[in-house]
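**Q** The structure file structure_39.tsv (TSV, C-alpha atoms) is provided below.
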```tsv
chain	number	residue	atom	x	y	z
A	1	MET	CA	-10.84	-43.29	-70.19
A	2	TRP	CA	-8.08	-44.36	-67.81
A	3	LEU	CA	-5.55	-42.26	-69.60
A	4	ALA	CA	-7.71	-39.23	-69.05
A	5	ILE	CA	-7.95	-39.90	-65.31
A	6	ILE	CA	-4.22	-40.55	-65.02
A	7	LEU	CA	-3.45	-37.47	-67.03
A	8	SER	CA	-5.73	-35.30	-64.90
A	9	LEU	CA	-4.28	-36.59	-61.62
A	10	LEU	CA	-0.78	-36.13	-62.98
A	11	GLY	CA	-1.66	-32.65	-64.16
A	12	VAL	CA	-3.04	-31.61	-60.77
A	13	PHE	CA	0.01	-33.02	-59.02
A	14	PHE	CA	2.40	-31.29	-61.43
A	15	GLY	CA	0.47	-28.05	-61.15
A	16	TRP	CA	0.49	-28.23	-57.36
A	17	VAL	CA	4.25	-28.76	-57.27
A	18	LEU	CA	4.73	-25.97	-59.78
A	19	GLY	CA	2.53	-23.61	-57.80
A	20	MET	CA	4.42	-24.37	-54.59
A	21	LYS	CA	7.78	-23.87	-56.31
A	22	ILE	CA	6.92	-20.52	-57.85
A	23	PRO	CA	8.45	-17.91	-55.53
A	24	ILE	CA	5.50	-15.59	-56.03
A	25	THR	CA	2.96	-15.23	-53.27
A	26	LEU	CA	-0.30	-13.57	-54.00
A	27	PRO	CA	-1.05	-10.36	-52.14
A	28	GLU	CA	-3.70	-10.75	-49.48
A	29	GLU	CA	-6.37	-8.78	-51.33
A	30	TYR	CA	-6.23	-11.17	-54.33
A	31	THR	CA	-6.76	-14.39	-52.41
A	32	LEU	CA	-10.52	-14.00	-52.71
A	33	TYR	CA	-10.26	-13.90	-56.52
A	34	LEU	CA	-8.03	-16.91	-56.74
A	35	GLY	CA	-10.19	-18.86	-54.33
A	36	LEU	CA	-13.22	-18.20	-56.49
A	37	ALA	CA	-11.24	-19.11	-59.58
A	38	VAL	CA	-10.36	-22.46	-58.04
A	39	LEU	CA	-14.00	-23.04	-57.21
A	40	ALA	CA	-14.99	-22.17	-60.76
A	41	ALA	CA	-12.38	-24.51	-62.16
A	42	LEU	CA	-13.61	-27.33	-59.94
A	43	ASP	CA	-17.14	-26.67	-61.11
A	44	SER	CA	-16.04	-26.84	-64.73
A	45	ILE	CA	-14.22	-30.09	-64.16
A	46	PHE	CA	-17.16	-31.74	-62.45
A	47	GLY	CA	-19.39	-30.46	-65.21
A	48	GLY	CA	-16.99	-31.99	-67.70
A	49	ILE	CA	-17.07	-35.34	-65.94
A	50	ARG	CA	-20.84	-35.30	-65.98
A	51	ALA	CA	-20.88	-34.43	-69.64
A	52	TRP	CA	-18.46	-37.28	-70.27
A	53	ILE	CA	-20.79	-39.67	-68.51
A	54	GLU	CA	-23.75	-38.36	-70.47
A	55	GLY	CA	-21.73	-38.71	-73.63
A	56	ILE	CA	-22.06	-35.10	-74.64
A	57	PHE	CA	-18.54	-34.06	-73.69
A	58	ASP	CA	-17.20	-31.45	-76.07
A	59	ASN	CA	-13.65	-30.27	-76.05
A	60	LYS	CA	-14.43	-26.68	-76.99
A	61	ILE	CA	-17.32	-26.29	-74.61
A	62	PHE	CA	-15.25	-27.73	-71.77
A	63	LEU	CA	-12.24	-25.48	-72.39
A	64	THR	CA	-14.25	-22.29	-72.95
A	65	GLY	CA	-16.46	-23.10	-69.98
A	66	PHE	CA	-13.42	-23.57	-67.80
A	67	PHE	CA	-11.92	-20.18	-68.61
A	68	SER	CA	-15.18	-18.26	-68.83
A	69	ASN	CA	-16.25	-19.59	-65.43
A	70	ILE	CA	-12.97	-18.47	-63.90
A	71	LEU	CA	-13.16	-15.05	-65.51
A	72	LEU	CA	-16.82	-14.61	-64.62
A	73	ALA	CA	-16.20	-15.53	-60.99
A	74	ALA	CA	-13.27	-13.13	-60.73
A	75	GLY	CA	-15.21	-10.41	-62.56
A	76	LEU	CA	-18.22	-10.83	-60.30
A	77	THR	CA	-16.03	-10.54	-57.23
A	78	TYR	CA	-14.39	-7.42	-58.61
A	79	LEU	CA	-17.74	-5.85	-59.42
A	80	GLY	CA	-19.02	-6.70	-55.95
A	81	GLU	CA	-16.00	-5.09	-54.40
A	82	GLN	CA	-16.52	-1.93	-56.45
A	83	LEU	CA	-20.19	-1.77	-55.51
A	84	GLY	CA	-19.62	-2.65	-51.88
A	85	ILE	CA	-21.73	-5.80	-52.14
A	86	ALA	CA	-20.30	-9.25	-51.47
A	87	LEU	CA	-21.20	-10.52	-54.96
A	88	SER	CA	-18.61	-13.23	-54.59
A	89	ILE	CA	-21.16	-15.01	-52.40
A	90	ALA	CA	-23.37	-15.33	-55.49
A	91	ALA	CA	-20.55	-17.05	-57.34
A	92	VAL	CA	-19.74	-19.26	-54.37
A	93	VAL	CA	-23.39	-20.31	-53.99
A	94	ALA	CA	-23.93	-20.89	-57.70
A	95	PHE	CA	-20.77	-22.90	-58.15
A	96	GLY	CA	-21.31	-24.76	-54.92
A	97	VAL	CA	-24.84	-25.77	-55.82
A	98	ARG	CA	-23.75	-26.90	-59.25
A	99	LEU	CA	-20.82	-28.79	-57.79
A	100	PHE	CA	-23.07	-30.76	-55.47
A	101	HIS	CA	-25.56	-31.27	-58.23
A	102	ASN	CA	-22.98	-32.69	-60.60
A	103	LEU	CA	-21.44	-34.74	-57.84
A	104	ALA	CA	-24.84	-36.28	-57.06
A	105	PHE	CA	-25.31	-37.14	-60.71
A	106	ILE	CA	-21.89	-38.74	-60.94
A	107	ARG	CA	-22.51	-40.68	-57.74
A	108	ARG	CA	-25.81	-42.04	-59.01
A	109	HIS	CA	-24.24	-43.03	-62.30
A	110	ILE	CA	-21.42	-44.90	-60.57
A	111	LEU	CA	-23.83	-46.62	-58.18
A	112	GLU	CA	-25.99	-47.72	-61.11
A	113	LYS	CA	-22.98	-49.08	-62.90
A	114	LEU	CA	-21.75	-51.00	-59.85
A	115	TRP	CA	-25.11	-52.33	-58.71
A	116	PRO	CA	-27.58	-52.10	-61.55
A	117	SER	CA	-31.06	-52.10	-60.13
B	1	MET	CA	-3.26	-45.63	-76.52
B	2	LYS	CA	-3.76	-42.70	-78.73
B	3	ILE	CA	-3.45	-39.25	-77.31
B	4	LYS	CA	-6.41	-37.21	-78.41
B	5	ALA	CA	-7.11	-33.51	-78.19
B	6	TYR	CA	-9.24	-33.84	-75.09
B	7	HIS	CA	-6.36	-35.47	-73.26
B	8	LEU	CA	-4.29	-32.37	-73.77
B	9	VAL	CA	-7.23	-30.24	-72.66
B	10	ILE	CA	-7.62	-32.29	-69.50
B	11	LEU	CA	-3.90	-32.04	-68.80
B	12	LEU	CA	-3.92	-28.28	-69.33
B	13	VAL	CA	-6.98	-27.75	-67.18
B	14	SER	CA	-5.69	-29.94	-64.38
B	15	VAL	CA	-2.29	-28.22	-64.40
B	16	ILE	CA	-3.94	-24.83	-64.20
B	17	LEU	CA	-6.20	-26.04	-61.41
B	18	GLY	CA	-3.19	-27.41	-59.52
B	19	VAL	CA	-1.24	-24.21	-59.86
B	20	MET	CA	-4.15	-22.08	-58.73
B	21	ALA	CA	-4.96	-24.33	-55.81
B	22	ALA	CA	-1.33	-24.38	-54.72
B	23	MET	CA	-1.04	-20.59	-54.97
B	24	GLN	CA	-4.22	-20.13	-53.01
B	25	PHE	CA	-3.15	-22.61	-50.38
B	26	LYS	CA	0.25	-21.00	-50.05
B	27	SER	CA	-0.95	-17.42	-49.78
B	28	SER	CA	-3.83	-18.12	-47.42
B	29	SER	CA	-1.68	-20.24	-45.14
B	30	GLU	CA	1.00	-17.57	-45.20
B	31	ILE	CA	-1.50	-14.89	-44.30
B	32	ILE	CA	-2.65	-16.92	-41.34
B	33	ASP	CA	0.96	-17.54	-40.40
B	34	ALA	CA	1.79	-13.87	-40.69
B	35	ASN	CA	-1.18	-12.90	-38.57
B	36	ILE	CA	-0.35	-15.43	-35.92
B	37	GLU	CA	3.27	-14.43	-35.99
B	38	ARG	CA	2.42	-10.76	-35.61
B	39	THR	CA	0.02	-11.43	-32.79
B	40	GLU	CA	2.57	-13.56	-31.04
B	41	LYS	CA	5.25	-10.93	-31.48
B	42	MET	CA	2.95	-8.24	-30.15
B	43	ALA	CA	2.01	-10.38	-27.20
B	44	GLU	CA	5.66	-11.02	-26.51
B	45	LYS	CA	6.39	-7.31	-26.71
B	46	VAL	CA	3.53	-6.50	-24.37
B	47	GLU	CA	4.75	-9.12	-21.93
B	48	ALA	CA	8.29	-7.78	-22.10
B	49	LYS	CA	7.08	-4.24	-21.53
B	50	LYS	CA	4.96	-5.34	-18.61
B	51	LYS	CA	7.95	-7.04	-17.09
B	52	GLU	CA	10.01	-3.91	-17.70
B	53	ILE	CA	7.36	-1.80	-15.99
B	54	GLU	CA	7.35	-4.14	-13.02
B	55	GLU	CA	11.11	-3.96	-12.78
B	56	LEU	CA	11.07	-0.20	-13.06
B	57	LYS	CA	8.40	0.04	-10.38
B	58	ILE	CA	10.55	-2.02	-8.08
B	59	LYS	CA	13.47	0.22	-8.91
B	60	VAL	CA	11.39	3.32	-8.17
B	61	ASP	CA	10.41	1.88	-4.82
B	62	GLU	CA	14.01	1.08	-4.03
B	63	MET	CA	15.15	4.53	-5.04
B	64	ASN	CA	12.40	6.16	-3.02
B	65	LEU	CA	13.57	4.20	-0.03
B	66	GLN	CA	17.14	5.24	-0.70
B	67	LEU	CA	16.05	8.82	-1.06
B	68	GLN	CA	14.25	8.69	2.24
B	69	GLU	CA	17.26	7.16	3.90
B	70	ALA	CA	19.53	9.73	2.33
B	71	ALA	CA	17.30	12.61	3.40
B	72	GLU	CA	17.25	11.27	6.91
B	73	SER	CA	20.96	10.61	7.03
B	74	PRO	CA	23.12	12.92	9.13
B	75	GLU	CA	25.28	13.96	6.16
B	76	MET	CA	22.23	15.19	4.28
B	77	TYR	CA	20.98	17.04	7.31
B	78	ALA	CA	24.36	18.68	7.72
B	79	LEU	CA	24.40	19.66	4.05
B	80	ASN	CA	20.96	21.19	4.31
B	81	GLN	CA	22.03	23.16	7.36
B	82	GLN	CA	25.10	24.31	5.50
B	83	LEU	CA	22.97	25.41	2.57
B	84	ILE	CA	20.75	27.47	4.87
B	85	THR	CA	23.77	29.05	6.50
B	86	TYR	CA	25.29	29.99	3.16
B	87	GLY	CA	21.96	31.33	1.96
B	88	ILE	CA	21.73	33.62	4.96
B	89	LEU	CA	25.33	34.74	4.58
B	90	ALA	CA	24.95	35.35	0.84
B	91	GLY	CA	21.67	37.18	1.30
B	92	THR	CA	19.69	34.99	-1.06
B	93	VAL	CA	17.05	34.12	1.51
B	94	GLU	CA	14.76	36.15	3.71
B	95	VAL	CA	15.72	35.94	7.35
B	96	LYS	CA	13.60	36.30	10.43
B	97	GLY	CA	14.99	36.46	13.90
B	98	PRO	CA	15.73	38.55	16.97
B	99	GLY	CA	17.87	41.62	16.53
B	100	VAL	CA	17.86	45.40	16.64
B	101	LYS	CA	16.44	48.25	14.63
B	102	VAL	CA	18.60	51.37	14.42
B	103	LEU	CA	16.87	54.56	13.43
B	104	LEU	CA	19.13	57.35	12.18
B	105	SER	CA	17.96	60.78	11.11
B	106	ASP	CA	19.54	64.13	10.49
B	107	SER	CA	19.98	66.72	13.21
B	108	GLU	CA	17.15	69.16	13.77
B	109	GLU	CA	19.30	71.67	15.59
B	110	PRO	CA	19.08	75.09	13.98
B	111	LEU	CA	22.34	76.01	12.33
B	112	LYS	CA	24.45	78.69	13.94
B	113	PRO	CA	25.79	81.28	11.53
B	114	GLY	CA	28.98	80.21	9.84
B	115	GLN	CA	28.54	76.49	10.57
B	116	ASP	CA	28.84	73.89	7.88
B	117	PRO	CA	25.44	72.19	7.52
B	118	SER	CA	27.12	68.99	6.42
B	119	PHE	CA	28.37	68.44	9.95
B	120	TYR	CA	24.82	67.83	11.10
B	121	VAL	CA	23.60	65.47	8.42
B	122	LEU	CA	24.19	61.77	8.08
B	123	HIS	CA	26.99	60.66	5.81
B	124	ASP	CA	27.83	57.39	4.16
B	125	VAL	CA	30.67	57.07	6.65
B	126	ASP	CA	28.26	57.21	9.57
B	127	ILE	CA	26.24	54.36	8.13
B	128	LEU	CA	29.42	52.42	7.48
B	129	LYS	CA	30.48	52.86	11.07
B	130	VAL	CA	27.16	51.55	12.33
B	131	LEU	CA	27.36	48.62	9.95
B	132	ASN	CA	30.89	47.85	11.00
B	133	GLU	CA	29.91	47.89	14.63
B	134	LEU	CA	26.94	45.62	14.02
B	135	LYS	CA	29.08	43.17	12.11
B	136	ALA	CA	31.66	43.19	14.84
B	137	ALA	CA	28.93	42.41	17.34
B	138	GLY	CA	27.94	39.35	15.40
B	139	ALA	CA	25.08	40.51	13.20
B	140	GLU	CA	24.15	37.71	10.84
B	141	ALA	CA	21.99	39.64	8.39
B	142	ILE	CA	21.72	43.38	7.87
B	143	ALA	CA	19.50	45.59	5.76
B	144	ILE	CA	19.53	49.35	5.31
B	145	ASN	CA	16.07	50.68	4.49
B	146	ASP	CA	15.21	47.11	3.52
B	147	GLU	CA	18.12	46.91	1.10
B	148	ARG	CA	19.97	43.76	2.05
B	149	VAL	CA	23.63	44.08	2.80
B	150	ILE	CA	25.54	41.33	1.06
B	151	ALA	CA	29.21	40.55	0.56
B	152	THR	CA	29.61	42.94	-2.34
B	153	THR	CA	27.52	45.77	-0.88
B	154	ASP	CA	29.07	49.19	-1.19
B	155	ILE	CA	28.05	52.32	0.69
B	156	ARG	CA	28.97	55.56	-1.01
B	157	CYS	CA	28.14	59.21	-0.83
B	158	GLY	CA	25.67	60.34	-3.45
B	159	GLY	CA	25.27	64.00	-2.52
B	160	PRO	CA	22.12	64.35	-0.44
B	161	VAL	CA	21.61	60.57	-0.47
B	162	ILE	CA	23.78	57.56	0.00
B	163	ILE	CA	24.17	54.87	-2.65
B	164	VAL	CA	23.99	51.25	-1.63
B	165	ASN	CA	24.36	48.09	-3.70
B	166	LYS	CA	25.75	49.96	-6.74
B	167	ASN	CA	22.69	52.02	-7.56
B	168	LYS	CA	20.12	52.03	-4.80
B	169	ARG	CA	19.69	55.56	-3.55
B	170	LEU	CA	18.70	55.76	0.09
B	171	ALA	CA	17.74	58.97	1.89
B	172	ALA	CA	17.48	59.81	5.56
B	173	PRO	CA	15.93	58.71	7.82
B	174	PHE	CA	17.68	55.39	7.74
B	175	VAL	CA	16.46	52.22	9.36
B	176	ILE	CA	19.17	49.67	9.80
B	177	LYS	CA	17.88	46.25	10.76
B	178	ALA	CA	20.20	43.56	12.00
B	179	ILE	CA	19.70	40.04	13.20
B	180	GLY	CA	21.87	38.85	16.04
B	181	HIS	CA	21.82	38.73	19.82
B	182	PRO	CA	19.78	41.85	20.59
B	183	ASP	CA	21.66	42.66	23.77
B	184	THR	CA	25.07	42.29	22.23
B	185	LEU	CA	24.13	44.40	19.23
B	186	TYR	CA	22.51	47.06	21.40
B	187	ASN	CA	25.39	47.27	23.82
B	188	SER	CA	28.03	47.41	21.13
B	189	LEU	CA	26.32	50.40	19.56
B	190	MET	CA	25.60	52.20	22.84
B	191	MET	CA	28.93	51.69	24.57
B	192	LYS	CA	30.89	54.63	25.90
B	193	GLY	CA	32.79	56.37	23.15
B	194	GLY	CA	30.98	54.18	20.68
B	195	VAL	CA	29.26	54.96	17.43
B	196	VAL	CA	26.03	56.29	18.85
B	197	GLU	CA	27.82	58.64	21.20
B	198	GLN	CA	29.94	59.99	18.36
B	199	LEU	CA	26.85	60.59	16.24
B	200	LYS	CA	25.00	62.21	19.10
B	201	PHE	CA	27.84	64.66	19.39
B	202	TRP	CA	26.66	66.04	16.05
B	203	ASN	CA	23.07	66.06	17.25
B	204	ILE	CA	22.16	63.26	14.93
B	205	ARG	CA	19.15	61.49	16.27
B	206	VAL	CA	19.83	57.85	16.88
B	207	SER	CA	17.53	55.34	18.43
B	208	VAL	CA	18.31	51.67	18.87
B	209	GLN	CA	15.50	49.26	19.59
B	210	LYS	CA	15.81	45.63	20.47
B	211	ALA	CA	13.26	43.48	18.70
B	212	ASP	CA	12.19	39.87	19.10
B	213	GLU	CA	11.52	39.52	15.45
B	214	VAL	CA	13.23	41.40	12.67
B	215	ILE	CA	12.47	40.54	9.09
B	216	ILE	CA	15.28	41.09	6.66
B	217	PRO	CA	14.39	40.68	3.00
B	218	SER	CA	16.53	38.76	0.56
B	219	TYR	CA	18.71	40.43	-1.99
B	220	PRO	CA	16.09	40.95	-4.70
B	221	ARG	CA	18.30	40.80	-7.79
B	222	SER	CA	20.14	37.83	-9.20
B	223	ILE	CA	23.76	37.67	-8.33
B	224	LYS	CA	25.90	37.20	-11.39
B	225	LEU	CA	29.59	36.57	-11.38
B	226	GLU	CA	30.64	37.29	-14.92
B	227	ALA	CA	34.27	38.24	-14.79
B	228	ARG	CA	35.59	35.95	-12.10
B	229	LEU	CA	38.91	37.65	-13.00
B	230	GLY	CA	40.72	34.45	-13.80
B	231	GLY	CA	39.97	33.09	-10.38
B	232	SER	CA	38.58	29.69	-9.76
B	233	ILE	CA	36.97	27.83	-6.94
B	234	SER	CA	39.59	26.09	-4.91
B	235	GLY	CA	39.12	23.48	-2.26
```
Let's see the structure in the file written out as structure tokens.
**A**
Amino acid sequence: MWLAIILSLLGVFFGWVLGMKIPITLPEEYTLYLGLAVLAALDSIFGGIRAWIEGIFDNKIFLTGFFSNILLAAGLTYLGEQLGIALSIAAVVAFGVRLFHNLAFIRRHILEKLWPS
Amino acid sequence: MKIKAYHLVILLVSVILGVMAAMQFKSSSEIIDANIERTEKMAEKVEAKKKEIEELKIKVDEMNLQLQEAAESPEMYALNQQLITYGILAGTVEVKGPGVKVLLSDSEEPLKPGQDPSFYVLHDVDILKVLNELKAAGAEAIAINDERVIATTDIRCGGPVIIVNKNKRLAAPFVIKAIGHPDTLYNSLMMKGGVVEQLKFWNIRVSVQKADEVIIPSYPRSIKLEARLGGSISG
């Protein structure tokens, strides 16, 4: 359990440093895609934490969910851009709602563990 | 602690998340920076240009003042006067002023048998004599039949006509207009043994009128000096 948390924090830190060191900057028109991808990744991670708490965490589901969410978000944005509709909003809303949902679940679980009613 | 598969997955996912977040952060912050920078640069440029405009306006005002002063200065006035004088002398400007009109026409006396008719008609030499007399009396601008006499004007015989200014054919009657003191011009032509008397001897009709205003046109063609014959302006 603790190893997983340490590993994840370490991974984010390492990734952040790596991303800052890479001398590539994304062109302006791609920032929307990457932003959505980050959101999707966050959603996957929170979903994973919730699954962990519920005891139904599955490696494969987590990994495939992570990548498929990212790809779906980027694909939706691209499609929206082609159609002239801001479809990225759909992704933002969906991921946002799920994020808050999962966060609320995690919060309740922690509260119950700390102060069992 | 045993490292399990999901640990690796978590590590991988978190690294990817970190990289993406960092990239996003970097590019979006750079875009903002670039926009701000550009705006600032533009604003600076606009400010600089505004300052430049102000400076130039001040300069224009100063120069206008200088121009006014220069135009009012005595040197400038003298130069302008000089320019007018040279224009009149060169024949490049129309001149109005007091002067005389000289009317010359051929004799109407019937020819006696055996007489040469050319004695009784006007010749280029007669015109030249009148011109010479007018110039001597101080004529400032002269025109023959409204053909301005300038420095290079020639007066030649062209058979029944006279040729002036290279190729202008003028026929009798001739009107010679001159600007100068009317009395002086009149008297110089009419004096005893003078030009008019000589012409009248041949029954050529001459009339000289003083006029308060004589209009003498400018030389209508451009004056070109092409050869200059190796000369140059000195002084």
**Q** Please identify every residue of chain B that has at least one atom no farther than 12 Å from an atom of chain A, counting all atoms listed in the file, and for each give the shortest atom pair and the distance in Å to one decimal, arranged by chain then increasing number, as JSON lines.
**A**
```
{"residue": "B:Met1", "atom": "CA", "partner": "A:Leu3", "partner_atom": "CA", "distance": 8.0}
{"residue": "B:Lys2", "atom": "CA", "partner": "A:Leu3", "partner_atom": "CA", "distance": 9.3}
{"residue": "B:Ile3", "atom": "CA", "partner": "A:Leu3", "partner_atom": "CA", "distance": 8.5}
{"residue": "B:Lys4", "atom": "CA", "partner": "A:Ala4", "partner_atom": "CA", "distance": 9.7}
{"residue": "B:Ala5", "atom": "CA", "partner": "A:Asn59", "partner_atom": "CA", "distance": 7.6}
{"residue": "B:Tyr6", "atom": "CA", "partner": "A:Asn59", "partner_atom": "CA", "distance": 5.8}
{"residue": "B:His7", "atom": "CA", "partner": "A:Ala4", "partner_atom": "CA", "distance": 5.8}
{"residue": "B:Leu8", "atom": "CA", "partner": "A:Leu7", "partner_atom": "CA", "distance": 8.5}
{"residue": "B:Val9", "atom": "CA", "partner": "A:Leu63", "partner_atom": "CA", "distance": 6.9}
{"residue": "B:Ile10", "atom": "CA", "partner": "A:Ser8", "partner_atom": "CA", "distance": 5.8}
{"residue": "B:Leu11", "atom": "CA", "partner": "A:Gly11", "partner_atom": "CA", "distance": 5.2}
{"residue": "B:Leu12", "atom": "CA", "partner": "A:Gly11", "partner_atom": "CA", "distance": 7.1}
{"residue": "B:Val13", "atom": "CA", "partner": "A:Phe66", "partner_atom": "CA", "distance": 7.7}
{"residue": "B:Ser14", "atom": "CA", "partner": "A:Val12", "partner_atom": "CA", "distance": 4.8}
{"residue": "B:Val15", "atom": "CA", "partner": "A:Gly15", "partner_atom": "CA", "distance": 4.3}
{"residue": "B:Ile16", "atom": "CA", "partner": "A:Gly15", "partner_atom": "CA", "distance": 6.3}
{"residue": "B:Leu17", "atom": "CA", "partner": "A:Ala41", "partner_atom": "CA", "distance": 6.4}
{"residue": "B:Gly18", "atom": "CA", "partner": "A:Gly15", "partner_atom": "CA", "distance": 4.1}
{"residue": "B:Val19", "atom": "CA", "partner": "A:Gly19", "partner_atom": "CA", "distance": 4.3}
{"residue": "B:Met20", "atom": "CA", "partner": "A:Val38", "partner_atom": "CA", "distance": 6.3}
{"residue": "B:Ala21", "atom": "CA", "partner": "A:Val38", "partner_atom": "CA", "distance": 6.1}
{"residue": "B:Ala22", "atom": "CA", "partner": "A:Gly19", "partner_atom": "CA", "distance": 5.0}
{"residue": "B:Met23", "atom": "CA", "partner": "A:Gly19", "partner_atom": "CA", "distance": 5.5}
{"residue": "B:Gln24", "atom": "CA", "partner": "A:Leu34", "partner_atom": "CA", "distance": 6.2}
{"residue": "B:Phe25", "atom": "CA", "partner": "A:Met20", "partner_atom": "CA", "distance": 8.8}
{"residue": "B:Lys26", "atom": "CA", "partner": "A:Met20", "partner_atom": "CA", "distance": 7.0}
{"residue": "B:Ser27", "atom": "CA", "partner": "A:Thr25", "partner_atom": "CA", "distance": 5.7}
{"residue": "B:Ser28", "atom": "CA", "partner": "A:Thr31", "partner_atom": "CA", "distance": 6.9}
{"residue": "B:Ser29", "atom": "CA", "partner": "A:Thr25", "partner_atom": "CA", "distance": 10.6}
{"residue": "B:Glu30", "atom": "CA", "partner": "A:Thr25", "partner_atom": "CA", "distance": 8.6}
{"residue": "B:Ile31", "atom": "CA", "partner": "A:Glu28", "partner_atom": "CA", "distance": 7.0}
{"residue": "B:Ile32", "atom": "CA", "partner": "A:Glu28", "partner_atom": "CA", "distance": 10.3}
{"residue": "B:Ala34", "atom": "CA", "partner": "A:Glu28", "partner_atom": "CA", "distance": 10.8}
{"residue": "B:Asn35", "atom": "CA", "partner": "A:Glu28", "partner_atom": "CA", "distance": 11.4}
```
**Q** If you measure from atom CA of B:Phe201 to atom CA of B:Leu111, what distance in Å do you get, rounded to one decimal?
**A**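 Interatomic distance here is 14.5 Å.
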**Q** Box along x, y and z, 3 Å on every side, all listed atoms of stretch 192-211 of chain B inside: centre and edge lengths in Å to one decimal, as JSON.
**A**
```
{"center_x": 23.0, "center_y": 54.8, "center_z": 20.4, "size_x": 25.5, "size_y": 28.6, "size_z": 17.0}
```
**Q** For atom CA of B:Asp124 and atom CA of B:Ile162, quote the distance in Å rounded to one decimal.
**A**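 One can read the atom CA of B:Asp124 to atom CA of B:Ile162 distance as 5.8 Å.
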**Q** Could you jot down the atom CA of A:Trp115 to atom CA of A:Asp43 separation for me, Å, one decimal place?
**A**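 These two atoms are separated by 27.0 Å.
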**Q** Give as a PyMOL selection string every residue, naming chains and numbers as the document does, that has an atom within 7 Å of (18.4, 57.3, 18.9), counting only C-alpha atoms.
**A** chain B and resi 103-104+205-208
**Q** So that I can check the surroundings of B:Ala137, please list as an MDAnalysis selection string every protein, DNA and RNA residue that reaches within 7 Å of it, counting all atoms listed in the file and ignoring chain neighbours fewer than 2 positions away.
**A** chainID B and resid 133:135 139 184:185 188
**Q** Please identify all polymer residues within 12 Å of B:Lys200, counting all atoms listed in the file, omitting same-chain residues fewer than 6 positions from it, and present them as a VMD selection string.
**A** chain B and resid 104 to 109 119 to 122 126 189 to 190 192 to 194 206 to 207
**Q** Please write as a list of chain:residue names the list of polymer residues whose atoms come within 12 Å of (-23.2, -14.0, -55.7), counting only C-alpha atoms and keeping to the coordinates of the file.
**A**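 Using only C-alpha atoms, the matching residues come out as A:Leu36, A:Leu72, A:Ala73, A:Ala74, A:Gly75, A:Leu76, A:Thr77, A:Tyr78, A:Leu79, A:Gly80, A:Glu81, A:Ile85, A:Ala86, A:Leu87, A:Ser88, A:Ile89, A:Ala90, A:Ala91, A:Val92, A:Val93, A:Ala94, A:Phe95, A:Gly96, A:Val97.
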**Q** So that I can see what lies close to A:Phe46, please list as a PyMOL selection string the residues with an atom at most 8 Å from it, counting only C-alpha atoms and leaving out residues fewer than 6 positions away in the same chain.
**A** chain A and resi 99+102-103
**Q** Please complete stretch 54-62 of chain A with N, CA, C and O atoms and give it back as an mmCIF file, keeping the file's coordinate frame.
**A**
```cif
data_model
loop_
_atom_site.group_PDB
_atom_site.id
_atom_site.type_symbol
_atom_site.label_atom_id
_atom_site.label_comp_id
_atom_site.auth_asym_id
_atom_site.auth_seq_id
_atom_site.Cartn_x
_atom_site.Cartn_y
_atom_site.Cartn_z
ATOM 1 N N GLU A 54 -22.551 -38.467 -69.633
ATOM 2 C CA GLU A 54 -23.750 -38.360 -70.470
ATOM 3 C C GLU A 54 -23.428 -38.553 -71.945
ATOM 4 O O GLU A 54 -24.323 -38.675 -72.767
ATOM 5 N N GLY A 55 -22.151 -38.507 -72.240
ATOM 6 C CA GLY A 55 -21.730 -38.710 -73.630
ATOM 7 C C GLY A 55 -21.856 -37.478 -74.483
ATOM 8 O O GLY A 55 -21.851 -37.566 -75.708
ATOM 9 N N ILE A 56 -21.968 -36.327 -73.845
ATOM 10 C CA ILE A 56 -22.060 -35.100 -74.640
ATOM 11 C C ILE A 56 -20.838 -34.208 -74.406
ATOM 12 O O ILE A 56 -20.883 -32.989 -74.589
ATOM 13 N N PHE A 57 -19.738 -34.852 -73.948
ATOM 14 C CA PHE A 57 -18.540 -34.060 -73.690
ATOM 15 C C PHE A 57 -18.023 -33.453 -74.981
ATOM 16 O O PHE A 57 -17.867 -34.123 -75.990
ATOM 17 N N ASP A 58 -17.757 -32.136 -74.912
ATOM 18 C CA ASP A 58 -17.200 -31.450 -76.070
ATOM 19 C C ASP A 58 -15.984 -30.664 -75.616
ATOM 20 O O ASP A 58 -16.016 -29.934 -74.638
ATOM 21 N N ASN A 59 -14.922 -30.899 -76.372
ATOM 22 C CA ASN A 59 -13.650 -30.270 -76.050
ATOM 23 C C ASN A 59 -13.757 -28.759 -75.917
ATOM 24 O O ASN A 59 -13.316 -28.150 -74.937
ATOM 25 N N LYS A 60 -14.379 -28.152 -76.943
ATOM 26 C CA LYS A 60 -14.430 -26.680 -76.990
ATOM 27 C C LYS A 60 -15.265 -26.126 -75.865
ATOM 28 O O LYS A 60 -14.885 -25.170 -75.197
ATOM 29 N N ILE A 61 -16.425 -26.779 -75.668
ATOM 30 C CA ILE A 61 -17.320 -26.290 -74.610
ATOM 31 C C ILE A 61 -16.627 -26.382 -73.246
ATOM 32 O O ILE A 61 -16.673 -25.470 -72.433
ATOM 33 N N PHE A 62 -15.938 -27.521 -73.051
ATOM 34 C CA PHE A 62 -15.250 -27.730 -71.770
ATOM 35 C C PHE A 62 -14.194 -26.644 -71.540
ATOM 36 O O PHE A 62 -14.154 -25.986 -70.491
#
```
